[in-house]
Amino acid sequence: MESLEKILTQHPFVEGLPSEHIQLIVGCAKNVVFEPGKYLFKENEEANSFYIIRSGKVALEIYSPEVGSIIIQTLGEGDIIGWSWMIPPYQWRFDARAVELTRVIELDGTCLRNKCEIDPKLGYEIMKRLANVFEQRIHAMRIQLLDLYGKN
Amino acid sequence: MDVMIPANFKVQRFIKETHDTFTLELKSFDGRNGFSFEPGQFNMIYIFGVGEIPISISGDPNKKGVLVHTTRAVGTVTKEMAKLKKDEVVGIRGPFGRPWPVKEAIGNDILLVAGGIGLAPLRPVIYYLLSNREYFGKIILLYGARTPKDILFRKELEKFRSRLDIDIIVTVDRAVKNWTGNVGVVTTLIPRAPFDPINTTAMICGPEIMMRYTIVELLKRGLSKENIFVSMERNMKCGVGFCGHCQYGTEFICKDGPVFNFKEIEHLFAKREI
Ligand SMILES: Cc1cc2nc3c(=O)[nH]c(=O)nc-3n(C[C@H](O)[C@H](O)[C@H](O)COP(=O)(O)OP(=O)(O)OC[C@H]3O[C@@H](n4cnc5c(N)ncnc54)[C@H](O)[C@@H]3O)c2cc1C
Ligand code: FES
């Protein structure tokens with residue numbers, strides 16, 4: 001547990017949180033390894049986890065019957081995956097596949113949600129940090145949609 | 001020599017790079033002894049009977065015997081250029097413009113950020129850095145392409161990467177499952193790129209929107225504006241500061257640029273009326 005706490009404390013997502021909040025988060029965390037090709041989760045499955053990538057690479061994909069799986073984005077060391085655990089109906093909207101051997105810290109969504117309900121200060125901090133991630137992802141996605149290198 | 005009179009060059013080799021980009025290797029045949037240029041400079045290429053356009057030099061500055069240009073076929077002139085065959089003749093005026101500050105960057109880490117065809121004007125920088133490797137800290141190339149099929153100079157990038165003294169990180173905007181590289185815009189690579197922001201010179205080339213957001217990310221990482229350089233594009237006619245076609249605020253891209261220090265043009269950058 002001590003090493004998990006150390007790793008989490010150094011991550012920008014929890015940086016600056018008081019140690020009692022970090023303790024609460026560590027209580028919902030575990031280390032998990034995904035072999036290349038294994039799915040962290042698939043679209044429509046219940047979203048009950050939140051991942052912090054420690055090493056490796058994860059492809060976020062949407063399946064289309066015409067072309068197969070389309071990679072929307074890849075994420076790597078230090079990135080976080082998933083906010084569907086926070087937003088009803090708690091269902092994944094895409095697939096997440098380990099492209100390489102990937103080590104993550106997996107946080108139990110129900111556990112974290114319950115702690116946020118009990119301690120709204122923790123809940124607000126987590127929401128602020130998630131909002132920051134949303135903002136960056138949406139911004140990157142908007143530039144991607146511009147198809148900058150295509151025929152204009 | 002009259003800068004307005006093109007010199008004749010013959011196509012020595014035509015290399016198809018991707019579905020819409022190609023490289024021309026040109027050789028002078030009217031007595032000119034080699035072609036010297038600095039990384040970042042461009043030539044005005046005249047396709048006889050069609051038109052004349054600015055294209056950056058994409059070859060190795062140490063190989064003076066051959067003049068190399070990599071072009072994306074987008075319109076009237078570039079599409080005609082794409083049909084050129086061995087031994088056909090083009091007119092060349094140049095080299096023109098202010099180069100990348102490779103000598104001024106000695107002692108620093110070098111971060112190159114390229115998008116799409118923007119890798120072509122940066123390739124001479126890579127050749128220069130690698131042939132003077134000991135004078136620089138880390139060398140990092142972040143390159144964004146549209147899809148895996150659009151990656152320019154792919155074999156050469158793999159060769160560079162195998163040297164182990166340059167970090168090359170490629171990302172594409174879209175891909176399907178068999179692609180094991182990165183997917184996402186090139187700006188997403190910046191937060192974790194392994195350079196020291198205090199001692200890094202960044203050189204950026206690509207569509208203006210991509211350069212704008214790259215600068216935002218670089219400033220967030222702590223790079224100073226003085227250490228950020230961009231290559232700007234505008235339509236050109238004379239290429240040497242006579243006609244005003246390429247005017248950009250108070251600057252002429254052809255003679256004051258195309259490479260600018262960000263600090264110099266910050267007040268113009270992203271202004272819509274310019
Ligand atoms: C200093 C400088 C260096 C350059 N270096 C290179 C280089 O190394 N390689 C290269 O391929 N190009 C380079 N360019 C851009 C190149 O000059 C233009 O693509 C070219 O002038 C287009 O001419 P055209 O007659 O083929 O297209 P036009 O007939 O003039 O345009 C046809 C269509 O293409 C679009 N178009 C024009 N230019 C571009 C562009 N740059 N990107 C996307 N769409 C465009 C126009 O909006 C129009 O819709 C450089 C430009 C400058 C100013
Ligand atoms: S192209 Fe004539 S002044 Fe720049």
# chains A, B, ... in the order shown; residues from 1 in each chain; ligands from 1
call {"tool": "residues_near_ligand", "arguments": {"ligand": "ligand 1", "cutoff": "7 Å", "atoms": "only C-alpha atoms and all ligand atoms", "output": "number ranges by chain"}}
result
A: 151-152; B: 42, 53-58, 69-79, 117, 120-121, 232-236, 254, 258
call {"tool": "residues_near_ligand", "arguments": {"ligand": "ligand 2", "cutoff": "8 Å", "atoms": "only C-alpha atoms and all ligand atoms", "output": "PyMOL selection string"}}
result
chain B and resi 235-247+252-255
call {"tool": "write_last_selection", "arguments": {"atoms": "C-alpha atoms", "output": "PDB file, in the first residue's frame"}}
result
ATOM      1  CA  ASN B 235       1.554  33.601 -51.296  1.00  0.00           C
ATOM      2  CA  MET B 236       4.651  34.931 -53.016  1.00  0.00           C
ATOM      3  CA  LYS B 237       5.559  36.464 -56.349  1.00  0.00           C
ATOM      4  CA  CYS B 238       9.082  37.927 -56.347  1.00  0.00           C
ATOM      5  CA  GLY B 239      10.539  36.089 -53.339  1.00  0.00           C
ATOM      6  CA  VAL B 240      12.997  38.890 -52.611  1.00  0.00           C
ATOM      7  CA  GLY B 241      11.090  41.769 -51.029  1.00  0.00           C
ATOM      8  CA  PHE B 242      10.153  43.758 -54.182  1.00  0.00           C
ATOM      9  CA  CYS B 243       6.456  43.162 -54.736  1.00  0.00           C
ATOM     10  CA  GLY B 244       4.771  43.102 -51.312  1.00  0.00           C
ATOM     11  CA  HIS B 245       2.753  39.972 -52.105  1.00  0.00           C
ATOM     12  CA  CYS B 246       3.890  38.162 -48.987  1.00  0.00           C
ATOM     13  CA  GLN B 247       3.403  41.048 -46.597  1.00  0.00           C
ATOM     14  CA  PHE B 252       7.804  40.432 -45.676  1.00  0.00           C
ATOM     15  CA  ILE B 253       7.773  36.671 -45.303  1.00  0.00           C
ATOM     16  CA  CYS B 254      10.147  36.174 -48.237  1.00  0.00           C
ATOM     17  CA  LYS B 255      13.003  38.283 -46.909  1.00  0.00           C
TER      18      LYS B 255
END
call {"tool": "closest_atom_pairs", "arguments": {"of": "chain A", "to": "chain B", "cutoff": "6 Å", "atoms": "only C-alpha atoms", "output": "CSV"}}
result
residue,atom,partner,partner_atom,distance
A:Ser69,CA,B:Lys177,CA,5.7
A:Ile70,CA,B:Val176,CA,4.6
A:Ile71,CA,B:Val176,CA,5.5
A:Gln73,CA,B:Val183,CA,4.7
A:Thr74,CA,B:Val183,CA,5.0
A:Gln144,CA,B:Val185,CA,5.8
A:Tyr149,CA,B:Gly116,CA,5.5
call {"tool": "write_last_selection", "arguments": {"atoms": "C-alpha atoms", "output": "PDB file, in the first residue's frame"}}
result
ATOM      1  CA  SER A  69     -12.158  -0.489 -34.629  1.00  0.00           C
ATOM      2  CA  ILE A  70     -11.188   3.142 -35.168  1.00  0.00           C
ATOM      3  CA  ILE A  71      -8.597   4.494 -32.740  1.00  0.00           C
ATOM      4  CA  GLN A  73      -6.761   8.531 -29.262  1.00  0.00           C
ATOM      5  CA  THR A  74      -3.876   6.797 -27.545  1.00  0.00           C
ATOM      6  CA  GLN A 144      -8.081  16.648 -34.477  1.00  0.00           C
ATOM      7  CA  TYR A 149      -3.256  18.098 -42.816  1.00  0.00           C
TER       8      TYR A 149
END
call {"tool": "closest_residue", "arguments": {"among": "A:Leu17, A:Glu106, A:Pro88, A:Asp119", "to": "Ala29 in chain A", "atoms": "only C-alpha atoms"}}
result
A:Glu106
call {"tool": "atom_distance", "arguments": {"atom1": "CA of Thr214 in chain B", "atom2": "CA of Thr9 in chain A"}}
result
28.7 Å
call {"tool": "decode", "arguments": {"residues": "range 88-114 of chain A", "atoms": "N, CA, C and O atoms", "output": "compact mmCIF listing (two decimals), in the first residue's frame"}}
result
# COMPACT_ATOMS: atom_id res chain seq x y z
N PRO A 88 -23.82 9.08 -14.33
CA PRO A 88 -24.81 8.07 -14.66
C PRO A 88 -25.03 8.01 -16.17
O PRO A 88 -24.88 9.05 -16.82
N PRO A 89 -25.33 6.89 -16.78
CA PRO A 89 -25.65 5.59 -16.18
C PRO A 89 -24.44 4.70 -15.92
O PRO A 89 -24.59 3.48 -15.89
N TYR A 90 -23.26 5.27 -15.72
CA TYR A 90 -22.05 4.52 -15.40
C TYR A 90 -21.80 3.39 -16.42
O TYR A 90 -21.75 2.21 -16.10
N GLN A 91 -21.67 3.82 -17.66
CA GLN A 91 -21.46 2.86 -18.75
C GLN A 91 -20.34 3.38 -19.64
O GLN A 91 -20.32 4.58 -19.97
N TRP A 92 -19.40 2.50 -20.06
CA TRP A 92 -18.32 2.96 -20.95
C TRP A 92 -18.88 3.30 -22.32
O TRP A 92 -19.78 2.63 -22.81
N ARG A 93 -18.31 4.34 -22.94
CA ARG A 93 -18.78 4.79 -24.24
C ARG A 93 -17.83 4.38 -25.36
O ARG A 93 -18.03 4.72 -26.52
N PHE A 94 -16.75 3.72 -25.02
CA PHE A 94 -15.75 3.30 -26.02
C PHE A 94 -14.98 2.12 -25.45
O PHE A 94 -15.17 1.77 -24.27
N ASP A 95 -14.14 1.51 -26.28
CA ASP A 95 -13.28 0.43 -25.81
C ASP A 95 -11.93 1.02 -25.42
O ASP A 95 -11.50 2.02 -26.00
N ALA A 96 -11.25 0.36 -24.49
CA ALA A 96 -9.87 0.76 -24.17
C ALA A 96 -9.02 -0.50 -24.23
O ALA A 96 -9.27 -1.47 -23.51
N ARG A 97 -8.01 -0.49 -25.14
CA ARG A 97 -7.21 -1.69 -25.38
C ARG A 97 -5.74 -1.38 -25.11
O ARG A 97 -5.22 -0.35 -25.54
N ALA A 98 -5.09 -2.29 -24.40
CA ALA A 98 -3.64 -2.11 -24.16
C ALA A 98 -2.91 -2.43 -25.46
O ALA A 98 -3.04 -3.52 -26.01
N VAL A 99 -2.16 -1.44 -25.99
CA VAL A 99 -1.41 -1.64 -27.23
C VAL A 99 -0.09 -2.35 -26.89
O VAL A 99 0.41 -3.16 -27.65
N GLU A 100 0.44 -1.99 -25.74
CA GLU A 100 1.69 -2.61 -25.26
C GLU A 100 1.40 -3.13 -23.85
O GLU A 100 0.32 -2.88 -23.32
N LEU A 101 2.40 -3.79 -23.26
CA LEU A 101 2.26 -4.17 -21.86
C LEU A 101 2.01 -2.88 -21.06
O LEU A 101 2.79 -1.94 -21.14
N THR A 102 0.89 -2.86 -20.34
CA THR A 102 0.50 -1.60 -19.70
C THR A 102 0.25 -1.81 -18.21
O THR A 102 -0.50 -2.70 -17.82
N ARG A 103 0.90 -0.99 -17.41
CA ARG A 103 0.69 -1.04 -15.96
C ARG A 103 -0.15 0.16 -15.55
O ARG A 103 0.16 1.29 -15.94
N VAL A 104 -1.19 -0.13 -14.78
CA VAL A 104 -2.06 0.97 -14.36
C VAL A 104 -2.35 0.89 -12.87
O VAL A 104 -2.19 -0.17 -12.26
N ILE A 105 -2.77 2.03 -12.32
CA ILE A 105 -3.39 1.99 -11.00
C ILE A 105 -4.88 2.05 -11.28
O ILE A 105 -5.36 2.96 -11.97
N GLU A 106 -5.60 1.05 -10.81
CA GLU A 106 -7.04 1.01 -11.05
C GLU A 106 -7.74 1.47 -9.79
O GLU A 106 -7.48 0.95 -8.69
N LEU A 107 -8.61 2.44 -9.94
CA LEU A 107 -9.37 2.93 -8.78
C LEU A 107 -10.80 2.43 -8.91
O LEU A 107 -11.41 2.52 -9.99
N ASP A 108 -11.32 1.90 -7.83
CA ASP A 108 -12.68 1.36 -7.84
C ASP A 108 -13.67 2.52 -7.84
O ASP A 108 -13.72 3.31 -6.89
N GLY A 109 -14.46 2.61 -8.90
CA GLY A 109 -15.36 3.75 -9.10
C GLY A 109 -16.42 3.86 -8.01
O GLY A 109 -16.69 4.95 -7.50
N THR A 110 -17.04 2.72 -7.64
CA THR A 110 -18.10 2.77 -6.62
C THR A 110 -17.52 3.23 -5.29
O THR A 110 -18.09 4.07 -4.60
N CYS A 111 -16.37 2.67 -4.96
CA CYS A 111 -15.68 3.02 -3.71
C CYS A 111 -15.41 4.53 -3.68
O CYS A 111 -15.73 5.22 -2.70
N LEU A 112 -14.87 5.05 -4.80
CA LEU A 112 -14.50 6.46 -4.86
C LEU A 112 -15.75 7.35 -4.84
O LEU A 112 -15.79 8.38 -4.16
N ARG A 113 -16.77 6.91 -5.56
CA ARG A 113 -18.03 7.68 -5.61
C ARG A 113 -18.63 7.80 -4.21
O ARG A 113 -19.05 8.88 -3.80
N ASN A 114 -18.64 6.69 -3.49
CA ASN A 114 -19.20 6.71 -2.13
C ASN A 114 -18.42 7.66 -1.24
O ASN A 114 -19.01 8.43 -0.48
